[in-house]
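Structure data follow from upload_19.cif (mmCIF, C-alpha atoms and all ligand atoms):
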```cif
data_coords
#
loop_
_atom_site.label_atom_id
_atom_site.label_comp_id
_atom_site.auth_asym_id
_atom_site.auth_seq_id
_atom_site.Cartn_x
_atom_site.Cartn_y
_atom_site.Cartn_z
CA MET A 1 109.15 -82.07 59.13
CA GLN A 2 111.58 -82.91 61.93
CA ASN A 3 112.59 -86.26 60.42
CA ASN A 4 114.18 -84.78 57.35
CA ARG A 5 115.81 -81.90 59.18
CA GLU A 6 118.89 -80.75 57.31
CA GLN A 7 122.44 -80.86 58.73
CA TRP A 8 125.59 -79.02 57.77
CA SER A 9 127.41 -80.93 55.03
CA SER A 10 130.76 -80.48 56.75
CA LYS A 11 132.41 -78.98 59.80
CA ILE A 12 134.01 -76.26 57.75
CA LEU A 13 130.68 -75.21 56.25
CA PHE A 14 129.19 -74.97 59.72
CA LEU A 15 132.10 -72.74 60.72
CA PHE A 16 131.71 -70.59 57.62
CA ALA A 17 128.05 -70.07 58.42
CA ALA A 18 128.57 -69.41 62.14
CA ILE A 19 131.48 -67.06 61.47
CA GLY A 20 129.44 -65.50 58.65
CA SER A 21 126.70 -64.78 61.16
CA ALA A 22 129.12 -63.31 63.68
CA VAL A 23 131.18 -61.26 61.24
CA GLY A 24 129.04 -58.48 59.87
CA LEU A 25 128.33 -54.80 60.06
CA GLY A 26 129.26 -55.17 63.72
CA ASN A 27 132.88 -55.83 62.77
CA ILE A 28 133.37 -53.60 59.76
CA TRP A 29 131.10 -50.69 60.62
CA ARG A 30 130.29 -50.70 64.35
CA PHE A 31 133.56 -51.98 65.86
CA PRO A 32 135.89 -49.39 64.27
CA TYR A 33 133.67 -46.42 65.02
CA ILE A 34 132.93 -47.43 68.61
CA MET A 35 136.61 -48.16 69.13
CA GLY A 36 137.34 -44.73 67.63
CA GLU A 37 134.89 -43.05 69.99
CA TYR A 38 136.28 -44.76 73.07
CA GLY A 39 139.94 -44.17 72.41
CA GLY A 40 141.23 -47.22 70.58
CA ALA A 41 143.45 -49.72 72.37
CA VAL A 42 141.94 -49.57 75.88
CA PHE A 43 138.57 -50.34 74.42
CA LEU A 44 140.09 -53.24 72.54
CA PHE A 45 141.50 -54.80 75.71
CA VAL A 46 138.27 -54.51 77.67
CA TYR A 47 136.35 -55.89 74.72
CA MET A 48 138.73 -58.87 74.38
CA PHE A 49 138.41 -59.57 78.08
CA PHE A 50 134.61 -59.67 77.76
CA ILE A 51 134.44 -61.95 74.78
CA LEU A 52 136.95 -64.43 76.15
CA THR A 53 135.54 -64.72 79.66
CA ILE A 54 131.88 -63.68 79.71
CA CYS A 55 130.43 -63.91 76.21
CA VAL A 56 131.88 -67.30 75.45
CA ILE A 57 129.55 -68.80 78.06
CA PRO A 58 126.18 -67.87 76.47
CA LEU A 59 127.76 -68.70 73.11
CA ILE A 60 128.49 -72.24 74.31
CA CYS A 61 124.97 -72.47 75.80
CA GLU A 62 123.31 -71.48 72.52
CA LEU A 63 125.28 -73.95 70.44
CA SER A 64 124.77 -76.71 73.00
CA ILE A 65 121.02 -76.31 73.40
CA GLY A 66 120.63 -76.21 69.61
CA LYS A 67 122.81 -79.24 69.04
CA TYR A 68 121.28 -81.21 71.88
CA THR A 69 117.59 -80.58 71.07
CA LYS A 70 117.93 -80.41 67.25
CA LYS A 71 115.19 -77.77 67.22
CA GLU A 72 114.90 -74.08 66.51
CA ASN A 73 114.58 -71.64 69.43
CA VAL A 74 110.96 -72.18 70.48
CA GLY A 75 111.04 -75.96 70.14
CA ALA A 76 114.44 -76.15 71.80
CA TYR A 77 113.32 -74.28 74.92
CA ALA A 78 110.13 -76.33 74.99
CA ILE A 79 112.13 -79.57 75.05
CA VAL A 80 114.16 -78.35 78.02
CA ASN A 81 110.89 -77.46 79.74
CA PRO A 82 107.50 -76.75 78.10
CA LYS A 83 107.05 -73.71 80.37
CA LEU A 84 110.09 -72.08 78.76
CA LYS A 85 108.66 -71.89 75.26
CA PHE A 86 107.90 -68.20 75.70
CA PHE A 87 111.61 -67.42 76.07
CA GLY A 88 112.24 -69.09 72.74
CA TRP A 89 109.83 -66.63 71.15
CA ILE A 90 111.70 -63.72 72.73
CA ASN A 91 114.75 -64.85 70.76
CA VAL A 92 112.71 -64.88 67.56
CA ILE A 93 111.37 -61.40 68.33
CA THR A 94 114.90 -60.16 69.02
CA ALA A 95 116.11 -61.46 65.65
CA THR A 96 113.12 -59.78 63.98
CA VAL A 97 113.77 -56.40 65.59
CA ILE A 98 117.49 -56.52 64.77
CA SER A 99 116.57 -57.36 61.18
CA SER A 100 114.40 -54.26 60.91
CA PHE A 101 117.38 -51.92 61.18
CA TYR A 102 120.16 -54.22 59.96
CA PHE A 103 118.45 -54.65 56.59
CA VAL A 104 118.06 -50.89 56.20
CA VAL A 105 121.83 -50.47 56.42
CA GLY A 106 122.10 -53.33 53.90
CA GLY A 107 120.08 -51.18 51.49
CA TRP A 108 122.43 -48.20 51.96
CA ILE A 109 125.39 -50.41 51.07
CA ILE A 110 123.81 -51.39 47.77
CA HIS A 111 123.41 -47.70 46.94
CA TYR A 112 127.07 -46.98 47.66
CA ILE A 113 128.17 -49.85 45.41
CA TYR A 114 126.03 -48.36 42.67
CA ILE A 115 127.28 -44.77 42.94
CA ASN A 116 130.89 -45.93 42.87
CA PHE A 117 130.16 -48.20 39.97
CA ILE A 118 128.85 -45.32 37.86
CA ASN A 119 131.75 -43.25 39.22
CA HIS A 120 129.46 -40.59 40.64
CA LYS A 121 131.68 -37.86 42.12
CA LEU A 122 130.41 -36.37 45.36
CA GLU A 123 130.86 -32.73 46.38
CA ASN A 124 130.19 -33.10 50.06
CA HIS A 125 130.19 -36.64 51.44
CA SER A 126 128.42 -35.85 54.63
CA ASP A 127 125.57 -33.88 53.04
CA TYR A 128 125.21 -36.55 50.40
CA PHE A 129 124.85 -39.33 52.94
CA LEU A 130 122.41 -37.40 55.10
CA SER A 131 120.22 -36.42 52.18
CA PHE A 132 120.30 -39.93 50.73
CA VAL A 133 119.12 -41.64 53.92
CA ALA A 134 116.40 -39.01 54.28
CA LEU A 135 114.85 -39.87 50.89
CA PRO A 136 111.39 -41.44 51.20
CA PHE A 137 111.58 -44.22 48.60
CA LEU A 138 115.03 -45.16 47.34
CA PRO A 139 116.61 -46.35 50.62
CA TYR A 140 113.49 -48.39 51.41
CA ILE A 141 113.37 -49.96 47.97
CA LEU A 142 117.04 -50.93 48.35
CA THR A 143 116.24 -52.40 51.76
CA LEU A 144 113.71 -54.61 49.99
CA VAL A 145 116.34 -55.63 47.43
CA PHE A 146 118.70 -56.63 50.23
CA LEU A 147 115.85 -58.46 51.96
CA THR A 148 114.98 -60.34 48.77
CA ALA A 149 118.58 -61.54 48.36
CA CYS A 150 118.67 -62.72 51.93
CA VAL A 151 115.31 -64.47 51.84
CA PHE A 152 116.38 -66.19 48.62
CA PHE A 153 119.26 -67.97 50.38
CA VAL A 154 117.12 -68.88 53.36
CA TYR A 155 114.28 -70.15 51.18
CA ARG A 156 116.72 -72.55 49.46
CA GLY A 157 117.44 -74.19 52.80
CA VAL A 158 120.50 -75.03 54.84
CA ASN A 159 122.57 -76.93 52.28
CA LYS A 160 121.53 -75.38 48.99
CA GLY A 161 121.12 -71.82 50.26
CA ILE A 162 122.79 -70.88 53.53
CA GLU A 163 125.89 -73.01 52.91
CA LEU A 164 126.14 -71.89 49.31
CA GLY A 165 125.91 -68.20 50.23
CA ASN A 166 128.56 -68.49 52.93
CA LYS A 167 130.82 -70.66 50.81
CA ILE A 168 130.99 -67.98 48.13
CA MET A 169 130.88 -64.87 50.28
CA MET A 170 133.15 -65.66 53.22
CA PRO A 171 136.41 -66.42 51.31
CA THR A 172 135.84 -63.50 48.89
CA PHE A 173 135.18 -61.28 51.84
CA LEU A 174 138.42 -62.27 53.61
CA LEU A 175 140.45 -61.76 50.45
CA ILE A 176 139.09 -58.26 49.84
CA LEU A 177 139.63 -57.35 53.47
CA ILE A 178 143.29 -58.39 53.36
CA VAL A 179 143.90 -56.48 50.10
CA LEU A 180 142.32 -53.30 51.47
CA ALA A 181 144.17 -53.60 54.79
CA ILE A 182 147.50 -53.84 52.93
CA VAL A 183 146.63 -50.80 50.78
CA SER A 184 145.72 -48.87 53.92
CA ILE A 185 148.87 -49.68 55.94
CA SER A 186 151.09 -48.74 53.02
CA LEU A 187 149.69 -45.19 52.90
CA PRO A 188 151.97 -42.41 54.20
CA ASN A 189 151.59 -42.06 57.98
CA GLY A 190 149.55 -45.24 58.07
CA HIS A 191 151.45 -46.39 61.15
CA LYS A 192 149.72 -43.68 63.19
CA GLY A 193 146.47 -45.57 62.71
CA LEU A 194 148.06 -48.74 64.02
CA GLU A 195 149.44 -46.87 67.02
CA PHE A 196 145.99 -45.53 67.74
CA MET A 197 144.60 -49.05 67.64
CA PHE A 198 147.23 -50.80 69.72
CA LYS A 199 148.73 -48.20 72.08
CA PRO A 200 146.49 -47.88 75.14
CA ASP A 201 145.45 -44.45 76.43
CA MET A 202 144.49 -45.15 80.05
CA SER A 203 142.71 -41.82 80.44
CA LYS A 204 139.91 -43.19 78.29
CA ILE A 205 138.80 -45.82 80.79
CA SER A 206 135.25 -45.09 81.89
CA PHE A 207 132.19 -47.00 82.94
CA GLU A 208 130.47 -45.99 79.75
CA MET A 209 133.30 -47.46 77.74
CA ILE A 210 132.99 -50.75 79.63
CA LEU A 211 129.27 -50.89 78.83
CA ALA A 212 129.94 -50.06 75.20
CA ALA A 213 132.50 -52.87 75.05
CA LEU A 214 129.98 -55.31 76.49
CA GLY A 215 127.22 -54.26 74.08
CA GLN A 216 129.64 -54.59 71.18
CA SER A 217 130.72 -58.08 72.30
CA PHE A 218 127.15 -59.34 72.19
CA PHE A 219 126.30 -57.72 68.93
CA THR A 220 129.42 -58.86 67.14
CA LEU A 221 129.17 -62.49 68.25
CA SER A 222 125.46 -62.66 67.36
CA ILE A 223 124.72 -63.82 70.90
CA GLY A 224 121.25 -63.43 72.35
CA ALA A 225 119.25 -63.52 69.14
CA GLY A 226 119.00 -67.27 68.74
CA CYS A 227 121.14 -67.42 65.59
CA LEU A 228 123.79 -69.68 67.03
CA LEU A 229 121.17 -71.90 68.62
CA VAL A 230 119.56 -72.53 65.25
CA TYR A 231 122.91 -73.02 63.54
CA GLY A 232 123.91 -75.36 66.39
CA SER A 233 120.77 -77.41 65.75
CA TYR A 234 122.07 -78.34 62.30
CA MET A 235 125.40 -79.57 63.76
CA LYS A 236 126.45 -83.18 63.56
CA GLU A 237 126.66 -85.26 66.70
CA LYS A 238 130.44 -85.55 66.81
CA GLU A 239 131.26 -81.81 66.70
CA ASN A 240 133.02 -80.32 69.70
CA ILE A 241 131.14 -77.26 70.91
CA VAL A 242 133.71 -75.53 73.09
CA LYS A 243 136.38 -75.75 70.41
CA ASN A 244 133.97 -74.37 67.82
CA ALA A 245 132.89 -71.56 70.15
CA TYR A 246 136.49 -70.40 70.55
CA LEU A 247 137.09 -70.72 66.81
CA ILE A 248 134.09 -68.45 66.15
CA ILE A 249 135.37 -65.91 68.68
CA PHE A 250 138.88 -66.06 67.28
CA ALA A 251 137.75 -65.57 63.68
CA ASP A 252 135.35 -62.78 64.60
CA THR A 253 138.11 -60.91 66.40
CA ILE A 254 140.53 -61.34 63.51
CA PHE A 255 137.94 -59.89 61.14
CA ALA A 256 137.25 -56.95 63.44
CA LEU A 257 140.98 -56.21 63.83
CA LEU A 258 141.53 -56.47 60.09
CA ALA A 259 138.65 -54.03 59.59
CA GLY A 260 140.32 -51.62 62.03
CA ILE A 261 143.66 -52.08 60.23
CA MET A 262 141.89 -51.34 56.95
CA ILE A 263 140.21 -48.20 58.29
CA PHE A 264 142.40 -46.36 60.82
CA PRO A 265 145.70 -46.08 58.90
CA ALA A 266 143.73 -44.54 56.00
CA VAL A 267 141.82 -42.20 58.33
CA PHE A 268 145.06 -40.98 59.95
CA SER A 269 146.92 -40.79 56.68
CA PHE A 270 144.34 -38.37 55.28
CA GLY A 271 144.19 -36.40 58.52
CA LEU A 272 140.53 -37.21 59.15
CA LYS A 273 138.85 -37.74 62.49
CA SER A 274 138.78 -41.22 63.97
CA ASP A 275 135.72 -40.57 66.08
CA SER A 276 133.15 -39.61 63.49
CA GLY A 277 130.62 -42.17 64.74
CA ALA A 278 128.25 -44.12 62.56
CA GLY A 279 129.20 -41.98 59.57
CA LEU A 280 132.74 -43.41 59.54
CA VAL A 281 131.95 -45.96 56.88
CA PHE A 282 129.52 -43.95 54.76
CA ILE A 283 131.11 -40.50 55.03
CA THR A 284 134.75 -40.67 56.10
CA LEU A 285 135.77 -43.68 54.03
CA PRO A 286 134.20 -42.50 50.75
CA LYS A 287 136.08 -39.20 51.32
CA ILE A 288 139.31 -41.18 51.58
CA PHE A 289 138.59 -43.32 48.53
CA ALA A 290 137.89 -40.16 46.51
CA GLN A 291 141.45 -38.98 47.15
CA MET A 292 143.16 -42.29 46.41
CA PRO A 293 144.42 -43.62 43.09
CA TYR A 294 141.94 -46.22 41.78
CA GLY A 295 139.59 -44.87 44.45
CA SER A 296 136.31 -45.88 42.80
CA PHE A 297 137.57 -49.40 42.29
CA LEU A 298 138.72 -49.68 45.90
CA ALA A 299 135.42 -48.22 47.06
CA ILE A 300 133.47 -50.80 45.08
CA LEU A 301 135.60 -53.55 46.61
CA PHE A 302 135.02 -52.12 50.07
CA PHE A 303 131.26 -51.89 49.74
CA ILE A 304 131.03 -55.38 48.22
CA LEU A 305 132.95 -56.56 51.28
CA LEU A 306 130.47 -54.78 53.50
CA LEU A 307 127.54 -56.19 51.56
CA PHE A 308 128.79 -59.77 51.95
CA ALA A 309 129.48 -59.24 55.64
CA ALA A 310 125.97 -57.89 56.14
CA LEU A 311 124.28 -60.57 54.04
CA THR A 312 125.86 -63.55 55.79
CA SER A 313 124.70 -62.13 59.14
CA ALA A 314 121.28 -61.19 57.78
CA ILE A 315 120.84 -64.77 56.56
CA SER A 316 121.27 -66.05 60.11
CA LEU A 317 118.75 -63.54 61.43
CA ALA A 318 116.25 -64.58 58.78
CA GLU A 319 116.90 -68.27 59.48
CA VAL A 320 115.98 -67.87 63.16
CA GLN A 321 112.60 -66.55 62.08
CA THR A 322 112.07 -68.95 59.17
CA ALA A 323 112.91 -72.04 61.22
CA ALA A 324 110.55 -70.88 63.99
CA TYR A 325 107.65 -70.38 61.56
CA ILE A 326 108.30 -73.72 59.82
CA GLU A 327 108.34 -75.72 63.00
CA ASN A 328 105.70 -73.90 65.04
CA PHE A 329 103.18 -72.88 62.39
CA HIS A 330 103.80 -75.99 60.26
CA LEU A 331 104.55 -73.93 57.17
CA SER A 332 106.63 -75.00 54.20
CA ARG A 333 110.08 -73.35 53.99
CA LYS A 334 108.82 -71.31 51.06
CA LYS A 335 105.83 -69.91 52.93
CA ALA A 336 107.84 -69.30 56.10
CA ALA A 337 110.49 -67.39 54.14
CA GLY A 338 107.69 -65.38 52.51
CA LEU A 339 106.29 -64.51 55.92
CA VAL A 340 109.73 -63.37 57.08
CA PHE A 341 109.91 -61.13 54.03
CA VAL A 342 106.56 -59.51 54.79
CA ILE A 343 107.25 -58.96 58.50
CA ILE A 344 110.70 -57.44 57.97
CA ALA A 345 109.43 -55.32 55.07
CA ILE A 346 106.75 -53.84 57.34
CA LEU A 347 109.05 -53.21 60.31
CA ALA A 348 111.85 -51.75 58.19
CA LEU A 349 109.56 -49.07 56.75
CA PRO A 350 109.42 -46.79 59.82
CA VAL A 351 113.11 -47.45 60.44
CA SER A 352 114.06 -46.36 56.94
CA LEU A 353 111.78 -43.34 57.16
CA SER A 354 113.16 -42.35 60.57
CA PHE A 355 115.99 -40.47 58.80
CA GLY A 356 113.62 -38.27 56.81
CA PHE A 357 109.85 -38.27 56.73
CA LEU A 358 109.51 -39.64 60.28
CA SER A 359 112.58 -37.93 61.73
CA ASN A 360 110.42 -35.97 64.15
CA VAL A 361 108.74 -39.04 65.56
CA LYS A 362 110.58 -39.91 68.75
CA ILE A 363 109.79 -42.65 71.23
CA PHE A 364 111.64 -42.23 74.54
CA SER A 365 113.45 -39.42 72.67
CA LYS A 366 114.84 -41.90 70.14
CA SER A 367 114.15 -42.33 66.44
CA PHE A 368 112.89 -45.75 65.28
CA PHE A 369 116.37 -46.69 64.14
CA ASP A 370 118.02 -45.78 67.45
CA LEU A 371 115.17 -47.24 69.45
CA PHE A 372 115.34 -50.66 67.78
CA ASP A 373 119.13 -50.68 68.05
CA PHE A 374 118.93 -49.71 71.74
CA ILE A 375 116.20 -52.21 72.65
CA THR A 376 118.06 -55.10 71.07
CA SER A 377 121.69 -54.35 71.99
CA ASN A 378 121.02 -53.02 75.50
CA ILE A 379 118.00 -55.01 76.63
CA LEU A 380 116.96 -58.04 74.57
CA MET A 381 120.36 -59.52 73.68
CA PRO A 382 121.79 -59.37 77.22
CA LEU A 383 118.44 -60.55 78.62
CA ASN A 384 118.30 -63.56 76.30
CA SER A 385 121.87 -64.38 77.26
CA ILE A 386 121.09 -64.23 80.98
CA ILE A 387 118.07 -66.47 80.40
CA ILE A 388 119.96 -69.02 78.34
CA CYS A 389 122.74 -69.26 80.94
CA ILE A 390 120.19 -69.82 83.70
CA ILE A 391 118.28 -72.37 81.63
CA PHE A 392 121.44 -74.21 80.67
CA GLY A 393 122.93 -74.07 84.13
CA TRP A 394 119.81 -75.01 86.09
CA PHE A 395 117.53 -76.98 83.75
CA VAL A 396 119.94 -78.98 81.58
CA LYS A 397 122.24 -81.75 82.77
CA ILE A 398 125.42 -80.06 81.63
CA LYS A 399 127.51 -83.20 81.49
CA LYS A 400 124.98 -84.84 79.18
CA VAL A 401 125.61 -82.16 76.58
CA LEU A 402 129.20 -81.03 77.05
CA ILE A 403 132.28 -83.16 77.51
CA PHE A 404 134.84 -81.92 80.02
CA LYS A 405 138.43 -83.09 80.15
CA ASN A 406 138.61 -82.68 83.89
CA GLU A 407 136.40 -82.05 86.86
CA TYR A 408 137.89 -78.60 87.63
CA ILE A 409 136.96 -77.22 84.24
CA TYR A 410 133.46 -78.62 84.68
CA LYS A 411 133.16 -76.97 88.10
CA LEU A 412 134.46 -73.66 86.78
CA PHE A 413 132.04 -73.77 83.87
CA SER A 414 129.06 -74.57 86.11
CA VAL A 415 129.85 -71.73 88.50
CA LEU A 416 130.23 -69.34 85.59
CA VAL A 417 127.06 -70.39 83.83
CA LYS A 418 124.88 -70.70 86.93
CA TYR A 419 125.96 -67.67 88.93
CA ILE A 420 128.73 -65.43 87.72
CA VAL A 421 127.77 -64.69 84.13
CA PRO A 422 124.04 -64.11 84.82
CA LEU A 423 124.94 -61.89 87.78
CA VAL A 424 127.56 -59.82 85.96
CA LEU A 425 125.28 -59.43 82.95
CA THR A 426 122.31 -58.41 85.08
CA ILE A 427 124.35 -55.78 86.93
CA LEU A 428 125.82 -54.37 83.72
CA MET A 429 122.46 -54.40 81.97
CA ILE A 430 120.75 -52.53 84.78
CA CYS A 431 123.60 -50.01 85.04
CA GLY A 432 123.36 -49.50 81.29
CA LEU A 433 119.64 -48.80 81.51
CA LEU A 434 119.97 -46.40 84.44
CA LYS A 435 122.80 -44.45 82.89
N1 LIG B 501 127.01 -60.31 64.58
C1 LIG B 501 126.47 -59.51 63.54
C2 LIG B 501 127.45 -58.41 63.21
O1 LIG B 501 128.50 -58.32 63.77
C3 LIG B 501 125.16 -58.90 63.90
C4 LIG B 501 124.17 -59.87 64.39
C5 LIG B 501 123.65 -59.73 65.66
C6 LIG B 501 123.78 -60.92 63.59
C7 LIG B 501 122.76 -60.66 66.15
C8 LIG B 501 122.89 -61.85 64.08
C9 LIG B 501 122.40 -61.71 65.36
O2 LIG B 501 127.18 -57.62 62.37
#
```

Have the structure of the file written as structure tokens, please.
Amino acid sequence: MQNNREQWSSKILFLFAAIGSAVGLGNIWRFPYIMGEYGGAVFLFVYMFFILTICVIPLICELSIGKYTKKENVGAYAIVNPKLKFFGWINVITATVISSFYFVVGGWIIHYIYINFINHKLENHSDYFLSFVALPFLPYILTLVFLTACVFFVYRGVNKGIELGNKIMMPTFLLILIVLAIVSISLPNGHKGLEFMFKPDMSKISFEMILAALGQSFFTLSIGAGCLLVYGSYMKEKENIVKNAYLIIFADTIFALLAGIMIFPAVFSFGLKSDSGAGLVFITLPKIFAQMPYGSFLAILFFILLLFAALTSAISLAEVQTAAYIENFHLSRKKAAGLVFVIIAILALPVSLSFGFLSNVKIFSKSFFDLFDFITSNILMPLNSIIICIIFGWFVKIKKVLIFKNEYIYKLFSVLVKYIVPLVLTILMICGLLK
């Protein structure tokens, strides 16, 4: 199976896929509402600081280990040292747990495309959303629809499926985002939204905000779930990792900023609240679209955008799992993709029901949805990143994998990867858990 391992057909298709993985609900849904909650511009600066200095390191490690070993997570760690195989599995588990709630939100998006398509007018957006997610069957069935679409691309393989999906979805996605951002800025009072985003309010600085910025940086760059490692393993020999890592970061940030520019001017223009939390996209925005000319059309565009963003990320999550089952259980791609379908379908059931039928079931006083989100963003993703930095710094001959223009940059990188990044991440992770 290893001999005929697929590779990206071109550099640009690799970038589409990697950026497609990074840009997702994290940019369009999570970033604006978390930024709204933590006061806009200050959050943005802290967040930028984190992605450029700290997060880029595990990102480089993931791509490098993938590219160097040409294996998925478990095999890749095993090549570095057979004793490390277990840590590869933790990445696969992380991707599986993220999938269980990410795919549920994917199902909600499909529903919102549908209700706008049939031009269903809502009386109360908030009640509608809350009663929809509490339904026992429909949201779960739509989760399965989303899952089927995703597994379809993964089942078709790297070139015929993953590349194809990203090639169609990423450019369409960017185009829709730009159109909607222009519509939003041209609304009356739209500039207030931009001010909110870019004018810092120093009173909002808090330790909690710093932790939120860190969690967001991991989530948005897809670090710590093995996605970039697997995508890196399909890279061609001549690709430059550091340059690609910064390109991924740059593109991800542009998408997140565009999403903010699409959302906040509209929110301010209609006098709505910028800190309405997770409901921002499913409650506040539909309220805005309902009051705009051509609102249903714009809403359909918006939710298609969200769907594509979610799907391209979901594909990378499913690929981590599929590649691991193919290479470790010696399954065909078809069977491995089928297994991924079954596992996610089972795990997503309690998550979907946690808004209704199982809403009283709490583990550590969290619903299934919140629990899975918390475990992955606050524990597993930072933990995997600490581990990969340590493994890369201490077990891999860095110079064999990465080319450095000068010795100082090499020294700086080694100090960061061996000591500083693992230490900073460990401190922040522990503080986050004790909070
Ligand atoms: N980066 C994706 C987003 O922003 C989420 C994701 C996390 C995808 C981890 C893959 C792995 O939505």

Would you list the contacts of stretch 256-265 of chain A as a PyMOL selection string, taking every protein, DNA or RNA residue within 8 Å and counting all atoms listed in the file, but skipping same-chain residues closer than 5 positions in sequence?
chain A and resi 23+27-28+31-32+177-178+180-185+187+189-194+196-197+274+285

Near stretch 170-175 of chain A, counting only C-alpha atoms, which residues have an atom at most 9 Å away, once you skip same-chain residues fewer than 3 positions from it, shown as a PyMOL selection string?
chain A and resi 16-17+19-20+165-167+178-180+255+304-306+308-309+312

Can you work out the spacing between atom CA of A:Val230 and atom CA of A:Glu72 in Å, to one decimal?
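Atom CA of A:Glu72 lies 5.1 Å from atom CA of A:Val230.
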
May I ask which of the residues A:Lys435, A:Arg30, A:Lys405, A:His120 is the closest one to ligand LIG 501 (chain B), counting all atoms listed in the file?
A:Arg30

Determine, counting all atoms listed in the file, every residue of protein, DNA or RNA that lies within 12 Å of (129.3, -34.5, 51.3) in the file coordinates, then give the result as JSON, numbers by chain.
{"A": [121, 122, 123, 124, 125, 126, 127, 128, 129, 130, 131, 132, 279, 282, 283, 284, 285, 286, 287, 290]}

Under the rule that all atoms listed in the file are counted, which of A:Tyr114, A:Phe341, A:Phe268, A:Phe218 is the nearest residue to A:Met429?
A:Phe218

Check every protein, DNA and RNA residue against ligand LIG 501 (chain B), keep those with an atom at most 7 Å away (counting only C-alpha atoms and all ligand atoms), and present them as number ranges by chain.
A: 21-27, 95, 98, 219-225, 227, 310, 313-314, 316-317

Name the closest residue to A:Pro200 among the candidates A:Phe392, A:Gly40, A:Ile12, A:Val417; distances are taken between atoms, counting only C-alpha atoms.
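Closest residue, counting only C-alpha atoms: A:Gly40.
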